[in-house]
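Here is the structure we will look at.
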Amino acid sequence: MAYSTLSPEHEAFRKVVRDFAQAEVAPRVAQWDRDHHFPVDLVAKMGELGLFGLTAPEEYGGSGGDFTSLCVAIEELGRVDQSIGITLEAAVGLGINPILTFGNDAQKAQWLPDLVAGQALAGFGLTEPGAGSDAGATATKAVLADGEWVVDGAKQFITNSGSSITSVVTVTARTGVRDGGRPEISTIMIPSGTPGFVAEAAYDKLGWHISDTHPLSFTGCRVPEENLLGERGRGYAQFLATLDDGRIAIAALAVGCIEACLDLAREYALDRQTFGGPIGRKQGVAFQIADLAVAARAARALTYEAAAMKDAGVGGQELKQAASIAKLYATEQAVTATRIATQVFGGYGFMEEYPVARFYRDAKILEIGEGTSEVQRMLIARGLGLPVE
Amino acid sequence: MNIVVCVKYVPDATADRSFDSSDSTVDREGVDGLLSELDEYAVEQALLAAEDGDGEVTVLTVGPADAADAVRKALQMGADKGVHVEDDDIAGSDAVATSLILAKALGTLEYDLVFFGMSSTDGTMGVVPTMVAERLGLPAVTYGSEITVDGSTVTVRRDGDVATETITATAPAVVSVTDQSGEPRYPSFKGIMAAKKKPVEDLTLSDLGIDASEVGLGAAWTKVLSFAPRPPRSAGEIVTDEGDGGTKLAEFLASKKFV
């Protein structure tokens with residue numbers, strides 16, 4: 001076995017997910033992408049493999065595994081298709097984890113078993129037309145009346161929120177005003193099918209065509225008071241905690257993207273003949289592929305260092321800094337890698353029948369989601385003690 | 001119901017495989033090894049058969065140190081414990097010697113059924129299950145594509161080219177299964193972590209009362225005299241249709257025994 005800083009068990013698991021992705025995802029993914037089809041049957045198979053329950057406790061059907069194992073799964077799925085990788089990342093990081101971390105026993109018992117089994121998905125509604133990382137600008141409101149929360153507002157770009165198996169979305173909403181006029185933000189769980197909750201038509205996205213992403217609207221949407229997730233007024237802190245983990249997971253997805261570009265470009269450079277030999281003998285091609293190998297290794301090292309820190313119980317600013325650094329570097333390198341890979345493929349790289357074209361479309365969002373590159377740089381600079389606005 | 005699954009550690013069938021030039025045995029150095037894919041089907045059937053009862057699934061292999069990987073993979077899939085027979089004198093053993101070692105090792109275990117894959121992906125002889133059954137005096141039902149265990153009766157469907165047979169046998173019995181018997185499960189992360197704690201017993205030839213002269217390359221009934229890589233694929237033949245293209249196509253297919 002090749003040298004690895006991960007444990008033999010993590011590497012054995014990597015092999016399992018790689019085999020799974022090759023057998024279950026690779027043969028069908030181009031068609032799904034063309035059709036913008038969200039494969040519920042694949043989600044069920046991912047559930048059988050235990051992917052959604054990797055970090056969940058055994059009492060809810062999980063494996064009680066570590067965060068590194070989740071990153072391995074996201075990376076290996078992302079190596080075959082980024083949409084499938086983000087489906088897992090969002091299902092665990094944004095769907096399961098907030099309920100697991102902040103939910104009470106009854107909420108966990110109600111929602112987690114099906115989510116862990118891949119029989120259901122949950123979305124996390126934070127972003128709004130007028131509020132993203134600036135969550136204080138949240139306009140969605142929830143008012144407590146007669147033992148029920150009445151929710152009005154809209155969310156956008158919400159992953160796994162409108163599939164046929166989406167069971168619940170967790171949304172942040174203003175539930176009052178604090179001293180000094182700042183909004184009180186809380187998190188409320190809204191089951192699919194609740195009157196007044198509509199998952200609007202799926203977005204027409206540049207990439208991630210397979211991923212289920214919807215705008216959500218809430219009009220006089222009433223749910224029981226006990227659907228409050230965690231403490232009232234803690235919504236802002238809860239979503240910040242949720243996003244920290246997500247950054248490392250997105251970095252893992254980006255690592256998969258870079259590795260896919262490396263594999264595809266290398267194979268093509270050895271195969272494609274021009275002027276009597278493979279194009280890989282040209283330095284202009286070969287050196288770019290060498291750069292891909294460097295990017296893959298560096299991004300992977302940063303990502304798994306951050307994951308190992310989380311697993312070792314390192315928290316606070318040290319983990320946030322490592323997560324932002326890994327996310328920033330891996331995602332920007334992923335975009336660069338897709339540009340290089342399509343260039344190596346020449347005209348074929350612009351054709352949808354070649355996977356590099358799909359990776360090219362899919363990569364851009366990595367620099368945007370879970371905090372843009374600009375937000376990451378701001379956080380990293382602040383972590384260095386610089387007085388960045 | 002206690003089940004033993006006999007598995008083989010083989011060179012990865014998707015890699016470029018070769019022979020060792022010094023003794024014409026399989027080259028295990030230049031290629032990654034793994035649990036034979038065909039044996040994964042046997043592990044799956046054993047796990048299914050044992051699922052509802054309180055019996056155990058034991059995975060048994062004969063092979064070099066690295067063959068522990070094959071045992072571990074089966075444990076990760078869900079088998080309960082492993083037995084690994086390893087001895088330098090085993091190197092180069094043929095199917096006859098392998099069946100002797102397996103039969104002796106099975107003698108140390110409690111079992112109702114013994115499962116095998118239909119053949120290995122390297123030797124591809126498919127004779128070891130029958131040889132083991134013969135040595136143990138057990139009924140053998142081979143090439144099963146559907147396995148049903150009910151009490152001490154195992155019912156096996158065998159799909160042949162011209163007929164399908166359904167055969168029953170009473171435990172203890174030997175069963176080999178095909179790649180049509182049901183897709184093997186993937187190990188879960190939980191299974192991978194659990195496998196770390198599962199017991200694997202290491203046995204040598206002397207533990208089994210086998211003399212070194214009975215096994216190994218020297219005792220093999222067959223010997224590989226020479227080997228050569230498969231010739232590179234030749235260019236295809238282009239037939240120009242001069243009104244008789246269909247006939248020529250049919251003749252070509254007939255010459256290759258496709259029609």
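Every chain in the structure tokens has a letter given in the order shown (A, B, ...), and although residue numbers restart at 1 in each chain, ligands are simply numbered from 1 in the order shown.
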Which residues in range 107-217 of chain B does DSSP call strand (DSSP E or B)? List them as a compact mmCIF listing (two decimals) with all heavy atoms, in the first residue's frame.
# COMPACT_ATOMS: atom_id res chain seq x y z
N LEU B 113 -21.54 -25.72 7.02
CA LEU B 113 -21.33 -25.55 5.59
C LEU B 113 -19.96 -24.94 5.33
O LEU B 113 -19.46 -24.14 6.13
CB LEU B 113 -22.41 -24.63 4.98
CG LEU B 113 -23.85 -25.15 4.99
CD1 LEU B 113 -24.80 -24.06 4.50
CD2 LEU B 113 -23.97 -26.40 4.11
N VAL B 114 -19.38 -25.32 4.19
CA VAL B 114 -18.13 -24.71 3.74
C VAL B 114 -18.41 -24.05 2.40
O VAL B 114 -18.86 -24.71 1.46
CB VAL B 114 -17.01 -25.77 3.57
CG1 VAL B 114 -15.71 -25.08 3.15
CG2 VAL B 114 -16.82 -26.55 4.86
N PHE B 115 -18.19 -22.74 2.34
CA PHE B 115 -18.44 -22.00 1.10
C PHE B 115 -17.14 -21.70 0.39
O PHE B 115 -16.12 -21.39 1.01
CB PHE B 115 -19.16 -20.68 1.40
CG PHE B 115 -20.65 -20.79 1.56
CD1 PHE B 115 -21.20 -21.41 2.66
CD2 PHE B 115 -21.51 -20.28 0.60
CE1 PHE B 115 -22.57 -21.52 2.82
CE2 PHE B 115 -22.89 -20.37 0.74
CZ PHE B 115 -23.42 -21.00 1.86
N PHE B 116 -17.21 -21.74 -0.93
CA PHE B 116 -16.10 -21.33 -1.79
C PHE B 116 -16.64 -20.43 -2.90
O PHE B 116 -17.80 -20.55 -3.29
CB PHE B 116 -15.48 -22.55 -2.52
CG PHE B 116 -14.63 -23.44 -1.68
CD1 PHE B 116 -15.19 -24.46 -0.93
CD2 PHE B 116 -13.25 -23.28 -1.67
CE1 PHE B 116 -14.40 -25.32 -0.17
CE2 PHE B 116 -12.45 -24.14 -0.91
CZ PHE B 116 -13.03 -25.16 -0.16
N GLY B 117 -15.76 -19.58 -3.45
CA GLY B 117 -16.06 -18.96 -4.73
C GLY B 117 -15.96 -20.01 -5.81
O GLY B 117 -15.40 -21.09 -5.59
N ALA B 140 -20.71 -32.20 -2.28
CA ALA B 140 -20.29 -30.93 -2.86
C ALA B 140 -21.31 -30.48 -3.88
O ALA B 140 -21.69 -31.25 -4.76
CB ALA B 140 -18.92 -31.07 -3.53
N VAL B 141 -21.78 -29.26 -3.74
CA VAL B 141 -22.66 -28.67 -4.75
C VAL B 141 -21.95 -27.43 -5.27
O VAL B 141 -21.72 -26.49 -4.52
CB VAL B 141 -24.04 -28.28 -4.17
CG1 VAL B 141 -24.99 -27.92 -5.30
CG2 VAL B 141 -24.60 -29.40 -3.32
N THR B 142 -21.57 -27.46 -6.53
CA THR B 142 -20.70 -26.40 -7.06
C THR B 142 -21.46 -25.48 -8.02
O THR B 142 -22.54 -25.80 -8.49
CB THR B 142 -19.51 -27.02 -7.82
OG1 THR B 142 -20.02 -27.91 -8.80
CG2 THR B 142 -18.60 -27.77 -6.85
N TYR B 143 -20.86 -24.35 -8.27
CA TYR B 143 -21.38 -23.36 -9.23
C TYR B 143 -22.83 -22.97 -8.92
O TYR B 143 -23.67 -22.90 -9.79
CB TYR B 143 -21.26 -23.87 -10.68
CG TYR B 143 -19.82 -24.07 -11.08
CD1 TYR B 143 -19.24 -25.34 -11.04
CD2 TYR B 143 -19.05 -22.99 -11.47
CE1 TYR B 143 -17.91 -25.52 -11.37
CE2 TYR B 143 -17.71 -23.16 -11.80
CZ TYR B 143 -17.15 -24.43 -11.75
OH TYR B 143 -15.83 -24.59 -12.08
N GLY B 144 -23.11 -22.71 -7.65
CA GLY B 144 -24.46 -22.31 -7.26
C GLY B 144 -24.72 -20.86 -7.61
O GLY B 144 -23.89 -19.99 -7.32
N GLU B 146 -27.90 -19.61 -6.86
CA GLU B 146 -28.86 -19.18 -5.84
C GLU B 146 -28.77 -20.17 -4.69
O GLU B 146 -28.85 -21.38 -4.91
CB GLU B 146 -30.29 -19.15 -6.39
CG GLU B 146 -31.29 -18.56 -5.42
CD GLU B 146 -32.69 -18.51 -6.04
OE1 GLU B 146 -32.87 -17.79 -7.04
OE2 GLU B 146 -33.56 -19.22 -5.54
N ILE B 147 -28.56 -19.63 -3.50
CA ILE B 147 -28.32 -20.50 -2.35
C ILE B 147 -29.40 -20.22 -1.31
O ILE B 147 -29.63 -19.07 -0.94
CB ILE B 147 -26.95 -20.19 -1.68
CG1 ILE B 147 -25.85 -19.95 -2.74
CG2 ILE B 147 -26.58 -21.25 -0.67
CD1 ILE B 147 -25.53 -21.12 -3.60
N THR B 148 -30.07 -21.26 -0.86
CA THR B 148 -31.06 -21.10 0.22
C THR B 148 -30.74 -22.10 1.32
O THR B 148 -30.57 -23.29 1.03
CB THR B 148 -32.49 -21.37 -0.30
OG1 THR B 148 -32.66 -20.69 -1.54
CG2 THR B 148 -33.52 -20.88 0.68
N VAL B 149 -30.63 -21.60 2.53
CA VAL B 149 -30.34 -22.50 3.65
C VAL B 149 -31.57 -22.55 4.54
O VAL B 149 -32.10 -21.51 4.94
CB VAL B 149 -29.12 -22.00 4.45
CG1 VAL B 149 -28.86 -22.93 5.64
CG2 VAL B 149 -27.89 -21.93 3.56
N ASP B 150 -32.04 -23.76 4.80
CA ASP B 150 -33.22 -23.94 5.65
C ASP B 150 -32.92 -25.08 6.61
O ASP B 150 -32.84 -26.24 6.21
CB ASP B 150 -34.45 -24.25 4.78
CG ASP B 150 -35.72 -24.33 5.63
OD1 ASP B 150 -35.67 -23.91 6.80
OD2 ASP B 150 -36.74 -24.81 5.11
N THR B 153 -30.59 -28.05 5.70
CA THR B 153 -30.65 -28.33 4.27
C THR B 153 -30.24 -27.10 3.47
O THR B 153 -30.72 -26.00 3.73
CB THR B 153 -32.09 -28.73 3.85
OG1 THR B 153 -32.47 -29.87 4.61
CG2 THR B 153 -32.15 -29.06 2.36
N VAL B 154 -29.36 -27.31 2.53
CA VAL B 154 -28.99 -26.22 1.63
C VAL B 154 -29.51 -26.56 0.24
O VAL B 154 -29.33 -27.68 -0.23
CB VAL B 154 -27.46 -25.96 1.63
CG1 VAL B 154 -26.68 -27.21 1.23
CG2 VAL B 154 -27.11 -24.80 0.71
N THR B 155 -30.21 -25.60 -0.36
CA THR B 155 -30.76 -25.79 -1.70
C THR B 155 -30.02 -24.85 -2.65
O THR B 155 -29.91 -23.65 -2.38
CB THR B 155 -32.27 -25.47 -1.71
OG1 THR B 155 -32.91 -26.29 -0.73
CG2 THR B 155 -32.87 -25.74 -3.09
N VAL B 156 -29.53 -25.42 -3.73
CA VAL B 156 -28.67 -24.68 -4.63
C VAL B 156 -29.21 -24.76 -6.05
O VAL B 156 -29.52 -25.85 -6.53
CB VAL B 156 -27.22 -25.26 -4.59
CG1 VAL B 156 -26.34 -24.54 -5.60
CG2 VAL B 156 -26.65 -25.16 -3.19
N ARG B 157 -29.34 -23.61 -6.69
CA ARG B 157 -29.71 -23.60 -8.11
C ARG B 157 -28.44 -23.49 -8.93
O ARG B 157 -27.60 -22.63 -8.69
CB ARG B 157 -30.64 -22.43 -8.42
CG ARG B 157 -31.40 -22.59 -9.72
CD ARG B 157 -32.18 -21.36 -10.10
NE ARG B 157 -31.28 -20.37 -10.68
CZ ARG B 157 -31.36 -19.07 -10.45
NH1 ARG B 157 -32.28 -18.59 -9.64
NH2 ARG B 157 -30.51 -18.23 -11.01
N ARG B 158 -28.30 -24.37 -9.92
CA ARG B 158 -27.14 -24.34 -10.82
C ARG B 158 -27.66 -24.02 -12.22
O ARG B 158 -28.51 -24.73 -12.74
CB ARG B 158 -26.42 -25.69 -10.84
CG ARG B 158 -26.02 -26.22 -9.50
CD ARG B 158 -25.42 -27.62 -9.64
NE ARG B 158 -23.99 -27.58 -9.90
CZ ARG B 158 -23.38 -28.23 -10.89
NH1 ARG B 158 -24.09 -28.93 -11.74
NH2 ARG B 158 -22.07 -28.16 -11.03
N ASP B 159 -27.15 -22.95 -12.78
CA ASP B 159 -27.58 -22.55 -14.12
C ASP B 159 -26.57 -23.06 -15.15
O ASP B 159 -25.44 -22.57 -15.20
CB ASP B 159 -27.68 -21.01 -14.22
CG ASP B 159 -28.80 -20.47 -13.35
OD1 ASP B 159 -29.80 -21.20 -13.16
OD2 ASP B 159 -28.67 -19.34 -12.86
N THR B 164 -31.35 -25.74 -16.06
CA THR B 164 -31.14 -25.26 -14.69
C THR B 164 -31.48 -26.39 -13.75
O THR B 164 -32.54 -27.02 -13.87
CB THR B 164 -32.04 -24.05 -14.40
OG1 THR B 164 -31.59 -22.96 -15.21
CG2 THR B 164 -31.97 -23.65 -12.95
N GLU B 165 -30.57 -26.68 -12.83
CA GLU B 165 -30.80 -27.74 -11.85
C GLU B 165 -31.03 -27.13 -10.48
O GLU B 165 -30.43 -26.10 -10.16
CB GLU B 165 -29.57 -28.65 -11.74
CG GLU B 165 -29.10 -29.29 -13.01
CD GLU B 165 -27.75 -29.95 -12.80
OE1 GLU B 165 -26.80 -29.26 -12.42
OE2 GLU B 165 -27.67 -31.17 -13.00
N THR B 166 -31.85 -27.79 -9.69
CA THR B 166 -31.97 -27.41 -8.29
C THR B 166 -31.58 -28.62 -7.46
O THR B 166 -32.15 -29.70 -7.63
CB THR B 166 -33.39 -26.96 -7.94
OG1 THR B 166 -33.72 -25.85 -8.77
CG2 THR B 166 -33.49 -26.55 -6.49
N ILE B 167 -30.59 -28.43 -6.61
CA ILE B 167 -30.02 -29.56 -5.87
C ILE B 167 -30.08 -29.25 -4.39
O ILE B 167 -29.80 -28.12 -3.97
CB ILE B 167 -28.55 -29.77 -6.30
CG1 ILE B 167 -28.51 -30.16 -7.78
CG2 ILE B 167 -27.87 -30.82 -5.44
CD1 ILE B 167 -27.13 -30.34 -8.33
N THR B 168 -30.44 -30.23 -3.60
CA THR B 168 -30.37 -30.03 -2.15
C THR B 168 -29.30 -30.93 -1.57
O THR B 168 -29.01 -32.01 -2.11
CB THR B 168 -31.72 -30.34 -1.47
OG1 THR B 168 -32.03 -31.71 -1.72
CG2 THR B 168 -32.82 -29.45 -1.97
N ALA B 169 -28.72 -30.48 -0.50
CA ALA B 169 -27.73 -31.29 0.22
C ALA B 169 -27.96 -31.05 1.71
O ALA B 169 -28.51 -30.03 2.11
CB ALA B 169 -26.32 -30.88 -0.17
N THR B 170 -27.54 -32.02 2.50
CA THR B 170 -27.69 -31.90 3.95
C THR B 170 -26.34 -31.59 4.57
O THR B 170 -25.33 -32.18 4.19
CB THR B 170 -28.24 -33.22 4.54
OG1 THR B 170 -29.45 -33.55 3.86
CG2 THR B 170 -28.51 -33.08 6.03
N ALA B 173 -21.81 -29.83 4.33
CA ALA B 173 -21.65 -29.91 2.87
C ALA B 173 -20.75 -28.78 2.40
O ALA B 173 -20.54 -27.79 3.12
CB ALA B 173 -23.01 -29.82 2.19
N VAL B 174 -20.23 -28.96 1.19
CA VAL B 174 -19.40 -27.94 0.54
C VAL B 174 -20.21 -27.31 -0.59
O VAL B 174 -20.85 -28.02 -1.36
CB VAL B 174 -18.10 -28.57 -0.02
CG1 VAL B 174 -17.36 -27.58 -0.91
CG2 VAL B 174 -17.20 -29.05 1.12
N VAL B 175 -20.19 -25.97 -0.64
CA VAL B 175 -20.94 -25.26 -1.68
C VAL B 175 -20.01 -24.24 -2.34
O VAL B 175 -19.32 -23.49 -1.64
CB VAL B 175 -22.15 -24.51 -1.06
CG1 VAL B 175 -22.89 -23.72 -2.14
CG2 VAL B 175 -23.10 -25.48 -0.36
N SER B 176 -19.98 -24.23 -3.67
CA SER B 176 -19.28 -23.12 -4.33
C SER B 176 -20.29 -22.28 -5.09
O SER B 176 -21.29 -22.79 -5.58
CB SER B 176 -18.16 -23.62 -5.25
OG SER B 176 -18.66 -24.04 -6.50
N VAL B 177 -20.04 -20.97 -5.12
CA VAL B 177 -21.05 -20.05 -5.65
C VAL B 177 -20.47 -19.24 -6.82
O VAL B 177 -19.28 -18.95 -6.86
CB VAL B 177 -21.58 -19.09 -4.56
CG1 VAL B 177 -22.03 -19.87 -3.35
CG2 VAL B 177 -20.55 -18.05 -4.16
N VAL B 200 -7.88 -13.49 14.55
CA VAL B 200 -7.36 -14.25 13.41
C VAL B 200 -6.33 -15.23 13.96
O VAL B 200 -5.37 -14.84 14.62
CB VAL B 200 -6.70 -13.34 12.35
CG1 VAL B 200 -6.11 -14.18 11.23
CG2 VAL B 200 -7.71 -12.33 11.81
N GLU B 201 -6.57 -16.52 13.71
CA GLU B 201 -5.65 -17.56 14.19
C GLU B 201 -4.65 -17.89 13.08
O GLU B 201 -5.05 -18.14 11.94
CB GLU B 201 -6.46 -18.82 14.56
CG GLU B 201 -5.62 -19.92 15.16
CD GLU B 201 -6.45 -21.17 15.47
OE1 GLU B 201 -7.62 -21.25 15.02
OE2 GLU B 201 -5.92 -22.06 16.14
N ASP B 202 -3.37 -17.84 13.42
CA ASP B 202 -2.33 -18.18 12.44
C ASP B 202 -1.88 -19.62 12.67
O ASP B 202 -1.53 -20.00 13.79
CB ASP B 202 -1.14 -17.23 12.59
CG ASP B 202 -1.50 -15.81 12.15
OD1 ASP B 202 -2.04 -15.68 11.04
OD2 ASP B 202 -1.25 -14.87 12.91
N LEU B 203 -1.91 -20.41 11.62
CA LEU B 203 -1.52 -21.81 11.72
C LEU B 203 -0.37 -22.10 10.75
O LEU B 203 -0.27 -21.48 9.69
CB LEU B 203 -2.70 -22.73 11.37
CG LEU B 203 -3.93 -22.67 12.29
CD1 LEU B 203 -5.05 -23.53 11.72
CD2 LEU B 203 -3.55 -23.12 13.70
Excluding Gly130 in chain A and its own-chain neighbours fewer than 2 positions away, which residues fall within 10 Å of it when counting only C-alpha atoms? Please give them as a PDB file with N, CA and C atoms, in the first residue's frame.
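This is the output file out.pdb:
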ATOM      1  N   THR A 127     -29.016  30.933   3.972  1.00  0.00           N
ATOM      2  CA  THR A 127     -28.874  32.007   2.996  1.00  0.00           C
ATOM      3  C   THR A 127     -30.231  32.528   2.527  1.00  0.00           C
ATOM      4  N   GLU A 128     -30.306  33.844   2.383  1.00  0.00           N
ATOM      5  CA  GLU A 128     -31.526  34.494   1.889  1.00  0.00           C
ATOM      6  C   GLU A 128     -31.158  35.419   0.743  1.00  0.00           C
ATOM      7  N   GLY A 132     -26.334  36.357   3.495  1.00  0.00           N
ATOM      8  CA  GLY A 132     -25.541  35.142   3.352  1.00  0.00           C
ATOM      9  C   GLY A 132     -24.655  35.015   4.573  1.00  0.00           C
ATOM     10  N   ASP A 134     -23.538  37.392   6.100  1.00  0.00           N
ATOM     11  CA  ASP A 134     -24.053  38.437   6.991  1.00  0.00           C
ATOM     12  C   ASP A 134     -25.399  37.983   7.553  1.00  0.00           C
ATOM     13  N   ALA A 135     -25.354  36.993   8.434  1.00  0.00           N
ATOM     14  CA  ALA A 135     -26.597  36.360   8.888  1.00  0.00           C
ATOM     15  C   ALA A 135     -27.448  37.293   9.748  1.00  0.00           C
ATOM     16  N   ALA A 137     -28.506  39.969   8.878  1.00  0.00           N
ATOM     17  CA  ALA A 137     -29.488  40.595   7.990  1.00  0.00           C
ATOM     18  C   ALA A 137     -30.654  39.669   7.672  1.00  0.00           C
ATOM     19  N   THR A 138     -30.719  38.527   8.368  1.00  0.00           N
ATOM     20  CA  THR A 138     -31.803  37.575   8.135  1.00  0.00           C
ATOM     21  C   THR A 138     -33.172  38.261   8.220  1.00  0.00           C
ATOM     22  N   ALA A 139     -33.969  38.051   7.181  1.00  0.00           N
ATOM     23  CA  ALA A 139     -35.284  38.697   7.147  1.00  0.00           C
ATOM     24  C   ALA A 139     -36.421  37.731   7.471  1.00  0.00           C
ATOM     25  N   ALA A 154     -38.157  33.820   3.052  1.00  0.00           N
ATOM     26  CA  ALA A 154     -37.633  33.070   1.909  1.00  0.00           C
ATOM     27  C   ALA A 154     -36.166  32.728   2.139  1.00  0.00           C
ATOM     28  N   LYS A 155     -35.762  31.593   1.623  1.00  0.00           N
ATOM     29  CA  LYS A 155     -34.359  31.162   1.675  1.00  0.00           C
ATOM     30  C   LYS A 155     -33.926  30.841   0.256  1.00  0.00           C
ATOM     31  N   GLN A 156     -32.626  30.895   0.036  1.00  0.00           N
ATOM     32  CA  GLN A 156     -32.193  30.519  -1.319  1.00  0.00           C
ATOM     33  C   GLN A 156     -30.919  29.686  -1.294  1.00  0.00           C
TER      34      GLN A 156
END
- Query: Of the candidates B:Ile238, B:Val259, B:Leu75, B:Cys6, which one gets nearest to Val132 in chain B if we count only C-alpha atoms?
  - Reply: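 Of the candidates, the smallest distance to Val132 in chain B is held by B:Cys6.
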- Would you mind listing what lies within 9 Å of Leu205 in chain B as a list of chain:residue names, with only C-alpha atoms counted and same-chain residues fewer than 3 positions away left out?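 Within the cut-off, the hits are B:Val85, B:Glu86, B:Asp87, B:Asp89, B:Ile90, B:Ile101, B:Leu208, B:Gly209, B:Ile210, B:Asp211, B:Ala212.
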- Task: May I have the residues of chain B within 7 Å of chain A, counting only C-alpha atoms, written as a ChimeraX atom specification?
- Result: /B:186-190,192-193
- Query: Pick the closest to Leu109 in chain B from B:Ala97, B:Val4, B:Ala15, B:Ala194: which is it, counting only C-alpha atoms?
  - Reply: B:Val4
- Message: Can you tell me which residues surround Arg300 in chain A at a distance of at most 8 Å, considering only C-alpha atoms, apart from same-chain residues fewer than 5 positions away, and format the answer as an MDAnalysis selection string?
- Response: chainID A and resid 252 255 330
- Note on the structure: Taken to one decimal, the CA of Thr121 in chain B-CA of Ala254 in chain B distance is 29.4 Å
